[in-house]
Structure formats: structure tokens, C-alpha cells
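Visitor: Structure file work23.txt (compact mmCIF, C-alpha atoms) right here:
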```
# COMPACT_ATOMS: atom_id res chain seq x y z
CA MET A 1 -86.03 138.32 3.17
CA SER A 2 -82.36 139.18 3.31
CA ASN A 3 -81.31 138.74 -0.33
CA SER A 4 -84.09 138.57 -2.90
CA LYS A 5 -81.61 138.24 -5.80
CA LEU A 6 -80.69 134.74 -4.59
CA TYR A 7 -84.30 133.59 -4.99
CA LYS A 8 -85.16 135.51 -8.15
CA GLY A 9 -84.09 132.84 -10.64
CA SER A 10 -86.01 130.16 -8.77
CA LEU A 11 -89.40 131.87 -8.71
CA SER A 12 -90.86 130.01 -11.70
CA THR A 13 -89.66 126.69 -10.29
CA ILE A 14 -91.28 127.49 -6.92
CA ILE A 15 -94.58 128.33 -8.66
CA LEU A 16 -94.50 125.12 -10.73
CA LYS A 17 -93.68 123.04 -7.64
CA LEU A 18 -96.53 124.55 -5.58
CA LEU A 19 -99.04 124.08 -8.40
CA ALA A 20 -97.95 120.47 -8.85
CA GLU A 21 -98.79 119.81 -5.19
CA THR A 22 -102.11 121.66 -5.26
CA HIS A 23 -104.80 121.26 -7.92
CA LYS A 24 -105.12 125.01 -8.53
CA MET A 25 -104.02 128.22 -6.83
CA TYR A 26 -104.54 131.97 -7.23
CA GLY A 27 -101.85 134.62 -6.99
CA TYR A 28 -102.40 135.78 -3.42
CA GLU A 29 -102.67 132.18 -2.24
CA ILE A 30 -99.24 131.46 -3.76
CA THR A 31 -97.63 134.36 -1.88
CA GLN A 32 -99.21 133.22 1.40
CA LYS A 33 -98.22 129.60 0.88
CA VAL A 34 -94.60 130.55 0.21
CA LYS A 35 -94.59 132.78 3.30
CA GLU A 36 -95.98 129.93 5.37
CA LEU A 37 -93.57 127.28 4.04
CA THR A 38 -90.53 129.48 4.58
CA GLN A 39 -91.73 130.88 7.94
CA GLY A 40 -91.72 134.38 6.45
CA GLU A 41 -88.12 134.14 5.18
CA LEU A 42 -89.22 134.42 1.55
CA THR A 43 -91.80 137.00 0.54
CA ILE A 44 -92.83 137.06 -3.10
CA THR A 45 -93.74 140.56 -4.20
CA GLU A 46 -96.66 141.21 -6.54
CA GLY A 47 -94.26 142.82 -9.00
CA ALA A 48 -92.34 139.56 -9.32
CA LEU A 49 -95.19 137.06 -9.02
CA TYR A 50 -97.62 138.21 -11.72
CA PRO A 51 -95.13 138.68 -14.57
CA ALA A 52 -93.77 135.20 -13.73
CA LEU A 53 -97.27 133.69 -13.76
CA HIS A 54 -98.15 135.45 -17.03
CA LYS A 55 -94.94 134.27 -18.64
CA LEU A 56 -95.57 130.67 -17.56
CA GLU A 57 -99.12 130.95 -18.91
CA ALA A 58 -97.93 132.42 -22.22
CA ASP A 59 -95.33 129.65 -22.51
CA GLY A 60 -98.13 127.09 -22.18
CA PHE A 61 -97.07 125.71 -18.79
CA LEU A 62 -100.13 127.02 -16.96
CA GLU A 63 -103.80 127.25 -17.80
CA VAL A 64 -106.30 129.53 -16.12
CA GLU A 65 -109.76 129.15 -14.68
CA MET A 66 -111.94 132.06 -13.57
CA GLN A 67 -114.31 131.86 -10.64
CA ARG A 68 -116.54 134.46 -9.01
CA VAL A 69 -115.63 134.61 -5.33
CA ASP A 70 -116.75 137.24 -2.77
CA ASN A 71 -117.97 139.95 -5.19
CA ARG A 72 -114.99 139.60 -7.54
CA LEU A 73 -113.43 137.39 -10.18
CA ARG A 74 -110.58 135.14 -9.12
CA LYS A 75 -108.03 133.75 -11.54
CA TYR A 76 -106.85 130.26 -10.67
CA TYR A 77 -103.75 128.73 -12.23
CA LYS A 78 -103.33 125.04 -13.01
CA LEU A 79 -100.43 123.10 -14.46
CA THR A 80 -100.76 121.87 -18.02
CA GLN A 81 -99.18 118.62 -19.17
CA ALA A 82 -96.25 120.62 -20.55
CA GLY A 83 -96.07 122.43 -17.20
CA ASN A 84 -95.77 119.11 -15.38
CA GLN A 85 -92.86 118.07 -17.57
CA GLU A 86 -91.26 121.48 -17.17
CA LYS A 87 -91.57 121.24 -13.38
CA VAL A 88 -89.64 117.94 -13.33
CA SER A 89 -86.77 119.31 -15.40
CA ARG A 90 -86.62 122.62 -13.51
CA ILE A 91 -86.52 120.89 -10.12
CA GLU A 92 -83.71 118.60 -11.32
CA GLU A 93 -81.88 121.69 -12.53
CA LEU A 94 -82.40 123.45 -9.20
CA GLU A 95 -81.19 120.40 -7.25
CA ARG A 96 -78.02 120.24 -9.34
CA PHE A 97 -77.51 123.96 -8.75
CA ILE A 98 -77.92 123.54 -4.95
CA GLU A 99 -75.42 120.63 -4.98
CA THR A 100 -72.93 122.73 -6.94
CA ILE A 101 -73.27 125.67 -4.58
CA GLN A 102 -72.95 123.34 -1.57
CA GLY A 103 -69.75 121.99 -3.08
CA ILE A 104 -68.38 125.50 -3.07
CA VAL A 105 -69.78 126.75 0.24
CA LYS A 106 -69.30 123.50 2.19
CA PRO A 107 -66.68 121.41 0.40
CA LYS A 108 -66.38 117.80 1.56
CA PRO A 109 -63.05 117.27 3.36
CA SER A 110 -60.71 115.29 1.13
CA LEU A 111 -59.06 112.13 2.52
CA GLY A 112 -55.66 112.96 1.07
CA MET B 1 -116.48 142.26 12.37
CA LYS B 2 -116.57 142.74 8.58
CA GLN B 3 -114.29 140.35 6.72
CA GLN B 4 -115.37 140.61 3.08
CA LEU B 5 -115.22 143.64 0.85
CA THR B 6 -118.41 145.00 -0.67
CA LYS B 7 -119.04 145.39 -4.41
CA GLU B 8 -118.46 149.15 -4.10
CA GLU B 9 -115.10 148.63 -2.40
CA ILE B 10 -114.03 146.16 -5.08
CA GLN B 11 -115.07 148.69 -7.72
CA PHE B 12 -113.06 151.37 -5.91
CA ILE B 13 -109.90 149.17 -6.10
CA ASP B 14 -110.59 148.44 -9.77
CA ASN B 15 -110.98 152.15 -10.63
CA TYR B 16 -107.86 153.06 -8.66
CA LEU B 17 -105.75 150.47 -10.50
CA LYS B 18 -107.21 151.46 -13.87
CA ASN B 19 -106.30 155.10 -13.20
CA SER B 20 -102.83 153.99 -12.09
CA GLY B 21 -102.08 152.43 -15.48
CA VAL B 22 -103.22 148.81 -15.09
CA GLU B 23 -105.28 149.17 -18.25
CA TYR B 24 -105.84 145.56 -19.31
CA ILE B 25 -108.77 143.85 -17.61
CA ASP B 26 -107.16 140.38 -17.72
CA THR B 27 -104.23 141.69 -15.66
CA ARG B 28 -106.27 144.01 -13.48
CA THR B 29 -108.80 141.37 -12.43
CA GLU B 30 -106.23 139.34 -10.56
CA VAL B 31 -104.49 142.38 -9.09
CA VAL B 32 -107.87 143.55 -7.75
CA ASP B 33 -108.35 140.11 -6.19
CA HIS B 34 -104.83 140.25 -4.74
CA VAL B 35 -105.34 143.66 -3.14
CA ALA B 36 -108.82 142.71 -1.87
CA SER B 37 -107.52 139.44 -0.38
CA GLU B 38 -104.70 141.29 1.39
CA ILE B 39 -107.08 143.92 2.80
CA GLU B 40 -109.47 141.22 4.04
CA ASN B 41 -106.50 139.52 5.65
CA ARG B 42 -105.55 142.78 7.35
CA PHE B 43 -109.11 143.19 8.65
CA ILE B 44 -108.60 139.97 10.59
CA GLU B 45 -104.98 140.59 11.64
CA ASN B 46 -105.53 144.22 12.72
CA ASN B 47 -109.02 143.61 14.08
CA THR B 48 -110.46 146.45 12.01
CA SER B 49 -112.95 147.06 9.20
CA ASP B 50 -111.74 150.44 7.99
CA PHE B 51 -111.41 149.75 4.25
CA TYR B 52 -109.99 153.11 3.19
CA GLU B 53 -107.35 153.15 5.94
CA GLU B 54 -106.18 149.61 5.12
CA PHE B 55 -106.26 150.32 1.37
CA LYS B 56 -104.21 153.47 1.87
CA MET B 57 -101.63 151.65 4.01
CA TYR B 58 -101.40 148.79 1.50
CA MET B 59 -100.84 151.16 -1.42
CA ILE B 60 -98.19 153.16 0.46
CA GLN B 61 -96.29 149.91 1.08
CA HIS B 62 -96.89 148.01 -2.17
CA LYS B 63 -97.93 150.30 -5.03
CA LYS B 64 -94.44 150.56 -6.50
CA ALA B 65 -93.90 146.78 -6.48
CA LEU B 66 -97.43 146.18 -7.72
CA LEU B 67 -97.13 148.38 -10.81
CA LYS B 68 -93.43 147.94 -11.56
CA ASN B 69 -93.44 144.89 -13.85
CA ILE B 70 -97.13 144.42 -14.54
CA HIS B 71 -96.76 144.50 -18.35
CA LYS B 72 -93.35 142.84 -18.48
CA TYR B 73 -94.59 139.65 -20.15
CA ARG B 74 -95.21 141.31 -23.56
CA TRP B 75 -92.64 139.24 -25.49
CA SER B 76 -94.02 136.00 -24.10
CA LEU B 77 -97.46 137.15 -25.17
CA ASP B 78 -96.25 137.94 -28.71
CA LYS B 79 -94.64 134.50 -28.90
CA LYS B 80 -97.85 132.86 -27.70
CA ILE B 81 -99.99 134.74 -30.27
CA LEU B 82 -97.66 134.00 -33.20
CA LYS B 83 -97.39 130.34 -32.21
CA GLN B 84 -101.19 130.11 -32.19
CA VAL B 85 -101.43 131.88 -35.57
CA PHE B 86 -99.01 129.34 -37.08
CA VAL B 87 -100.89 126.41 -35.48
CA ASN B 88 -104.15 127.81 -36.89
CA LEU B 89 -102.72 127.92 -40.43
CA ILE B 90 -103.72 124.26 -40.76
CA ASN B 91 -106.99 124.69 -38.90
CA GLN B 92 -109.91 123.37 -41.00
CA LYS B 93 -111.82 126.66 -40.76
CA VAL B 94 -108.76 128.67 -41.87
CA LEU B 95 -108.06 126.30 -44.76
CA ALA B 96 -111.69 126.40 -45.86
CA ILE B 97 -111.89 130.23 -45.80
CA SER B 98 -108.50 130.53 -47.52
CA GLY B 99 -109.65 128.05 -50.17
CA LEU B 100 -112.77 130.12 -50.73
CA PHE B 101 -110.68 133.28 -51.19
CA LEU B 102 -108.47 131.41 -53.63
CA VAL B 103 -111.45 130.22 -55.70
CA ILE B 104 -112.94 133.74 -55.75
CA GLY B 105 -109.55 135.17 -56.76
CA PHE B 106 -109.08 132.71 -59.65
CA THR B 107 -112.66 133.18 -60.81
CA LEU B 108 -112.19 136.95 -60.91
CA MET B 109 -108.90 136.59 -62.79
CA ASN B 110 -110.43 134.23 -65.37
CA THR B 111 -113.57 136.25 -65.95
CA LEU B 112 -111.87 139.65 -66.13
CA SER B 113 -108.99 140.55 -68.33
CA PHE B 114 -105.70 141.36 -66.60
CA GLU B 115 -105.86 144.97 -67.72
CA ASN B 116 -109.05 145.44 -65.74
CA VAL B 117 -107.82 143.80 -62.55
CA ASP B 118 -105.75 145.85 -60.21
CA LEU B 119 -104.35 143.06 -58.03
CA LYS B 120 -102.92 145.39 -55.44
CA THR B 121 -106.18 147.25 -54.94
CA THR B 122 -108.17 144.00 -54.81
CA TYR B 123 -105.79 142.49 -52.31
CA LEU B 124 -105.65 145.64 -50.18
CA PHE B 125 -109.43 145.74 -50.09
CA ILE B 126 -109.65 142.10 -48.92
CA THR B 127 -106.81 142.43 -46.39
CA VAL B 128 -108.11 145.63 -44.87
CA GLY B 129 -111.52 143.97 -44.60
CA ILE B 130 -110.08 140.97 -42.77
CA LEU B 131 -107.93 143.12 -40.52
CA PHE B 132 -110.89 145.29 -39.72
CA LEU B 133 -113.00 142.29 -38.76
CA SER B 134 -110.27 140.58 -36.76
CA ALA B 135 -108.83 143.57 -34.94
CA ILE B 136 -111.63 146.10 -34.69
CA TYR B 137 -114.58 143.83 -33.97
CA PRO B 138 -113.30 142.52 -30.57
CA LEU B 139 -112.11 145.99 -29.58
CA PHE B 140 -115.51 147.41 -30.47
CA TRP B 141 -117.33 144.59 -28.70
CA PHE B 142 -115.42 145.04 -25.42
CA ARG B 143 -115.67 148.83 -25.74
CA LYS B 144 -113.79 150.38 -22.83
CA GLN B 145 -112.39 147.10 -21.50
CA LYS B 146 -108.91 146.44 -22.86
CA ILE B 147 -107.67 142.85 -23.03
CA SER B 148 -103.91 142.44 -23.35
CA VAL B 149 -103.88 139.53 -25.80
CA ILE B 150 -106.49 141.10 -28.09
CA ASN B 151 -104.82 144.50 -28.17
CA ARG B 152 -101.40 142.94 -28.64
CA SER B 153 -102.49 140.63 -31.45
CA ALA B 154 -104.12 143.57 -33.27
CA VAL B 155 -100.86 145.53 -33.00
CA LEU B 156 -98.83 142.50 -34.15
CA CYS B 157 -101.11 141.95 -37.13
CA TYR B 158 -100.74 145.54 -38.30
CA LEU B 159 -96.97 145.58 -37.75
CA LEU B 160 -96.43 142.33 -39.67
CA ASN B 161 -98.62 143.47 -42.58
CA TYR B 162 -96.77 146.77 -42.67
CA TRP B 163 -93.45 144.89 -42.76
CA PHE B 164 -94.67 142.50 -45.49
CA PHE B 165 -95.84 145.39 -47.64
CA SER B 166 -92.79 147.57 -47.06
CA THR B 167 -90.24 144.84 -47.89
CA ILE B 168 -91.48 141.72 -49.70
CA GLU B 169 -94.16 143.44 -51.77
CA LYS B 170 -91.63 145.94 -53.14
CA MET B 171 -89.25 143.12 -54.07
CA LEU B 172 -91.98 141.35 -56.04
CA THR B 173 -93.34 144.30 -57.98
CA GLY B 174 -93.33 143.36 -61.66
CA HIS B 175 -93.18 139.61 -61.00
CA LEU B 176 -96.78 138.57 -61.56
CA TYR B 177 -96.32 134.91 -60.49
CA GLY B 178 -94.34 135.81 -57.36
CA TYR B 179 -96.81 138.53 -56.50
CA GLY B 180 -99.68 136.06 -56.82
CA VAL B 181 -97.98 133.62 -54.42
CA PHE B 182 -97.31 136.49 -52.00
CA ILE B 183 -100.98 137.52 -52.08
CA ILE B 184 -102.17 133.95 -51.44
CA ALA B 185 -99.69 133.41 -48.58
CA LEU B 186 -100.48 136.74 -46.93
CA THR B 187 -104.23 136.23 -47.22
CA TRP B 188 -103.86 132.77 -45.66
CA PHE B 189 -101.76 134.26 -42.84
CA ASN B 190 -104.27 137.07 -42.22
CA ILE B 191 -107.21 134.68 -42.14
CA SER B 192 -105.34 132.62 -39.55
CA PHE B 193 -104.75 135.83 -37.56
CA ALA B 194 -108.46 136.67 -37.77
CA VAL B 195 -109.54 133.19 -36.60
CA THR B 196 -107.01 133.35 -33.74
CA GLN B 197 -108.33 136.75 -32.70
CA VAL B 198 -111.95 135.57 -32.78
CA ASN B 199 -111.00 132.53 -30.65
CA TYR B 200 -109.30 134.77 -28.08
CA PHE B 201 -112.35 137.00 -28.13
CA LYS B 202 -114.68 134.07 -27.35
CA PHE B 203 -112.32 132.77 -24.65
CA TYR B 204 -112.05 136.09 -22.81
CA LYS B 205 -115.74 136.87 -23.20
CA ASP B 206 -116.55 133.66 -21.35
CA LYS B 207 -113.72 133.76 -18.82
CA PHE B 208 -114.16 137.36 -17.75
CA GLN B 209 -117.94 137.32 -18.09
CA LEU B 210 -117.84 140.36 -20.36
CA SER B 211 -120.71 141.48 -22.48
```
What do you get writing this file as C-alpha cells?
Guide:
Amino acid sequence: MSNSKLYKGSLSTIILKLLAETHKMYGYEITQKVKELTQGELTITEGALYPALHKLEADGFLEVEMQRVDNRLRKYYKLTQAGNQEKVSRIEELERFIETIQGIVKPKPSLG
Amino acid sequence: MKQQLTKEEIQFIDNYLKNSGVEYIDTRTEVVDHVASEIENRFIENNTSDFYEEFKMYMIQHKKALLKNIHKYRWSLDKKILKQVFVNLINQKVLAISGLFLVIGFTLMNTLSFENVDLKTTYLFITVGILFLSAIYPLFWFRKQKISVINRSAVLCYLLNYWFFSTIEKMLTGHLYGYGVFIIALTWFNISFAVTQVNYFKFYKDKFQLS
């Protein structure tokens, strides 16, 4: 990815959005899904992903479920009801941000 | 071609991370799964089954990123613990135990003369007992396995009690009524802390299949 700072503030929104579309996901699955959806343009590092997941969990937006898979424990994340509400507001916020940036980067030609 | 890691290989990753500073089992469990999933993925992509070679390559590329921010969520954790402690203040169990302490306290005060009752010593004895049960019992139970929320809540409990004693208690010395209210409030708060800690203990014991 060319500029990770541009994506940094949107990481929690991306996680909430992905979890809203899937019943539950684990950390590695999230990184792979993002890689797949962005054709490798966006790579979420472990150092960014897990603190973001733990913060969302501590804030009550995610709940966890443990499952034993292939000789190890796997931690799945699911959206809580508060997480669902948070996702809606964060996506609206992100859309407004994208519109604002577009207005600066690609201003609509004025008729006057 | 091997695609899944063995128990020994998983244990190797776990030990490596533990020795690299990922001390809490609740954090380490998912990092172990992450590393194992990536190595299994590499087995397929690179058409290999050399665990140690793939592990070494992964750590050369990712160790810094993996360990950089692993404990960065501490403030969120503190907020979560304190929020739960305040919610538990009106929990039936907490109210019942606090009520019991109150009744015992009043009974002692009515049956003994004030000269014979050292309130500070009595309170310290009770508080230390509660703190010991709430903070030490889960740590003792899990032995060498550290759990972030349990360790953090024990630290928070001690810090807050230290702060209460070093500021408010000094302000109230000599004011018997105020001191009594302070004792009741602090005991109520500590019981809520203890119940919260026991609930976390049960939760993690089940979730992480610890014994």
C-alpha cells in the first residue's frame, strides 16, 4: 500500500463494516478479506489490527467467541447491538469525509 | 503436503511469543492463531512444509509490526473495567454483600464501645481481605497464565484504594460521621470490584479453557 496514513483513521470503520456483512470473523480472516477486496492495495498489519479490535471490544462494540480449530484456540469477533449502531454512524461519517475530499480534489466545474 | 500445524509447532509459536513479551494469554492466543494461519497459508503458496523456515521468514518480516502496539489498548481496558465496576454497584449480589457488611459494622459499633473500636484497623482488615480475594485469587488460580483484564483490574483496584486513602481519608480524619460514610462507600466500591473480578475470572476460565 502506498500511503498507510490515509487509511489509518478508517481501520475501525472497515472492521465494523466487514463484521456487519459476515456473522463472525477472526483477525487473520479480516486481513485476508481486506486484501482480497482491495486487490492487495490495502494490507492491514497485525500491529494495527489487534489494538483496533481490542479497543472496539473494550468499547463494547464487539463481542468475542472462542473456538478450538486445528490444534489451537481461535478468537472470533461479532458485532454487538451497540457495534451495529456505531457502524452506521461511522460509515455516514466516512461517506461525508470522502465527499468533502472529493470536493477538494475534484471540484465540480461551476456554471458561472 | 502438510497444511496444518501440529500441537508441538503451535506450542513453539506460543513459547516464542511469550518470550518476546506477549505475556497476556488473551492477547497471545489470537496472535498465535494469526501466525499459524499465515504459515499454513505459506505452506500452500510456497508448496512447502518446512515449518521452521516459514516461521523464521515470517518473523523476520513481521515481528516488529506484530509486537509494536500489542498492549496499546490499556486505556480502553481501564475504561471498560471501571464502567463494569460502576454498573455492578447496583448488582443484587453486590448490594446484598454490602448490606451484610453494613449490618455487621453497625452491630459491632453498637455492641462495643467506641473506645474499643479502631475503625481504621477494622476497615483496613476488611478491605485488605476483599482485595486479597478479588485480586489474588484469580491470579493464583491461573498461576503462570496472565490475563490482561484480570491483571489490569487488580492494578486499578490497588491504585484507586491507594488514592482514596492518601487523599480523602486524610481529609476526613477526625470527622467520625464523614469517615463512616467514606468507609461504607469504599467498602461498597471494593465489593463491586471483587464481584467484577470474579465475573471476569469465570468468563476467561470458560473462554480460554483454562484450569
Visitor: Excluding Asp78 (chain B) and residues on its chain fewer than 3 positions from it, collect all residues at most 12 Å away from it, counting all atoms listed in the file, and give them as an MDAnalysis selection string.
Guide: (chainID A and resid 55 58:59) or (chainID B and resid 72:75 81:85 148:157 159:160)
Visitor: Within 10 Å of (-105.4, 136.5, 2.1) (coordinates as in the file), grab all the protein and nucleic acid residues, counting all atoms listed in the file, and write them out as a PyMOL selection string.
Guide: (chain A and resi 27-32) or (chain B and resi 33-42+44)
Visitor: Please indicate the distance in Å from CA of Leu94 (chain A) to CA of Gln39 (chain A), rounded to one decimal place.
Guide: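 So the two atoms, CA of Leu94 (chain A) and CA of Gln39 (chain A), lie 20.9 Å apart.
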Visitor: At a cut-off of 8 Å, which residues of chain B touch chain A? Count all atoms listed in the file and give the answer as a PyMOL selection string.
Guide: chain B and resi 4-7+10+29-30+33-34+37-38+65-73+76-77+79-80+207-208
Visitor: Which residue gives the smallest distance to Leu79 (chain A) among A:Leu11, A:Leu62, A:Ile44, A:Leu37, with all atoms listed in the file counted?
Guide: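 Answer, going by the shortest atom-to-atom distance: A:Leu62.
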Visitor: What is the distance, in Å and to one decimal place, between CA of Arg28 (chain B) and CA of Met57 (chain B)?
Guide: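 Rounded to one decimal, the two atoms are 19.6 Å apart.
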Visitor: Just how far from CA of Leu16 (chain A) is CA of Val34 (chain A), in Å to one decimal?
Guide: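 CA of Leu16 (chain A) lies 12.2 Å from CA of Val34 (chain A).
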Visitor: Taking (-92.8, 127.4, -6.8) in the coordinates of the supplied file, I want to know which residues reach to within 10 Å of it, counting only C-alpha atoms; could you give the answer as a list in words?
Guide: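 Output: Ser10, Leu11, Ser12, Thr13, Ile14, Ile15, Leu16, Lys17, Leu18, Leu19, Ala20, Glu21, Ile30, Thr31, Lys33, Val34, Lys87 and Ile91 of chain A.
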Visitor: With C-alpha atoms retained, export the selected residues as a PDB file, in the frame of the given file.
Guide:
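Writing done, so here's again.pdb:
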```pdb
ATOM      1  CA  SER A  10     -86.010 130.160  -8.770  1.00  0.00           C
ATOM      2  CA  LEU A  11     -89.400 131.870  -8.710  1.00  0.00           C
ATOM      3  CA  SER A  12     -90.860 130.010 -11.700  1.00  0.00           C
ATOM      4  CA  THR A  13     -89.660 126.690 -10.290  1.00  0.00           C
ATOM      5  CA  ILE A  14     -91.280 127.490  -6.920  1.00  0.00           C
ATOM      6  CA  ILE A  15     -94.580 128.330  -8.660  1.00  0.00           C
ATOM      7  CA  LEU A  16     -94.500 125.120 -10.730  1.00  0.00           C
ATOM      8  CA  LYS A  17     -93.680 123.040  -7.640  1.00  0.00           C
ATOM      9  CA  LEU A  18     -96.530 124.550  -5.580  1.00  0.00           C
ATOM     10  CA  LEU A  19     -99.040 124.080  -8.400  1.00  0.00           C
ATOM     11  CA  ALA A  20     -97.950 120.470  -8.850  1.00  0.00           C
ATOM     12  CA  GLU A  21     -98.790 119.810  -5.190  1.00  0.00           C
ATOM     13  CA  ILE A  30     -99.240 131.460  -3.760  1.00  0.00           C
ATOM     14  CA  THR A  31     -97.630 134.360  -1.880  1.00  0.00           C
ATOM     15  CA  LYS A  33     -98.220 129.600   0.880  1.00  0.00           C
ATOM     16  CA  VAL A  34     -94.600 130.550   0.210  1.00  0.00           C
ATOM     17  CA  LYS A  87     -91.570 121.240 -13.380  1.00  0.00           C
ATOM     18  CA  ILE A  91     -86.520 120.890 -10.120  1.00  0.00           C
TER      19      ILE A  91
END
```
Visitor: For Leu89 (chain B), find every residue with an atom within 12 Å (counting all atoms listed in the file), except residues of its own chain fewer than 5 positions away, and show them as a VMD selection string.
Guide: chain B and resid 82 to 84 94 to 99 185 to 196
Visitor: Smallest atom-to-atom distance to Gln81 (chain A): which of A:His23, A:Phe61, A:Glu95, A:Gln102, using only C-alpha atoms?
Guide: A:Phe61
Visitor: Could you check which of B:Ile168, B:Gln145, B:Asn161, B:Val103 is closest to Asp14 (chain B), using only C-alpha atoms?
Guide: B:Gln145
Visitor: Between B:Ser20, B:Phe55, B:Tyr162, B:Tyr200, which one has atoms that come closest to Phe43 (chain B), using only C-alpha atoms?
Guide: B:Phe55
Visitor: Determine the nearest neighbour of Gly83 (chain A) from the options A:Leu42, A:Glu63, A:Tyr7, A:Lys108, counting all atoms listed in the file.
Guide: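 Selected residue with least distance to Gly83 (chain A): A:Glu63.
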Visitor: Build an axis-aligned box that encloses every atom of region 27-36 of chain A listed in the file, pad it by 3 Å on each side, and report its centre and edge lengths in Å to one decimal, as AutoDock Vina command-line options.
Guide:
```
--center_x -98.6 --center_y 132.7 --center_z -0.8 --size_x 14.1 --size_y 12.2 --size_z 18.4
```
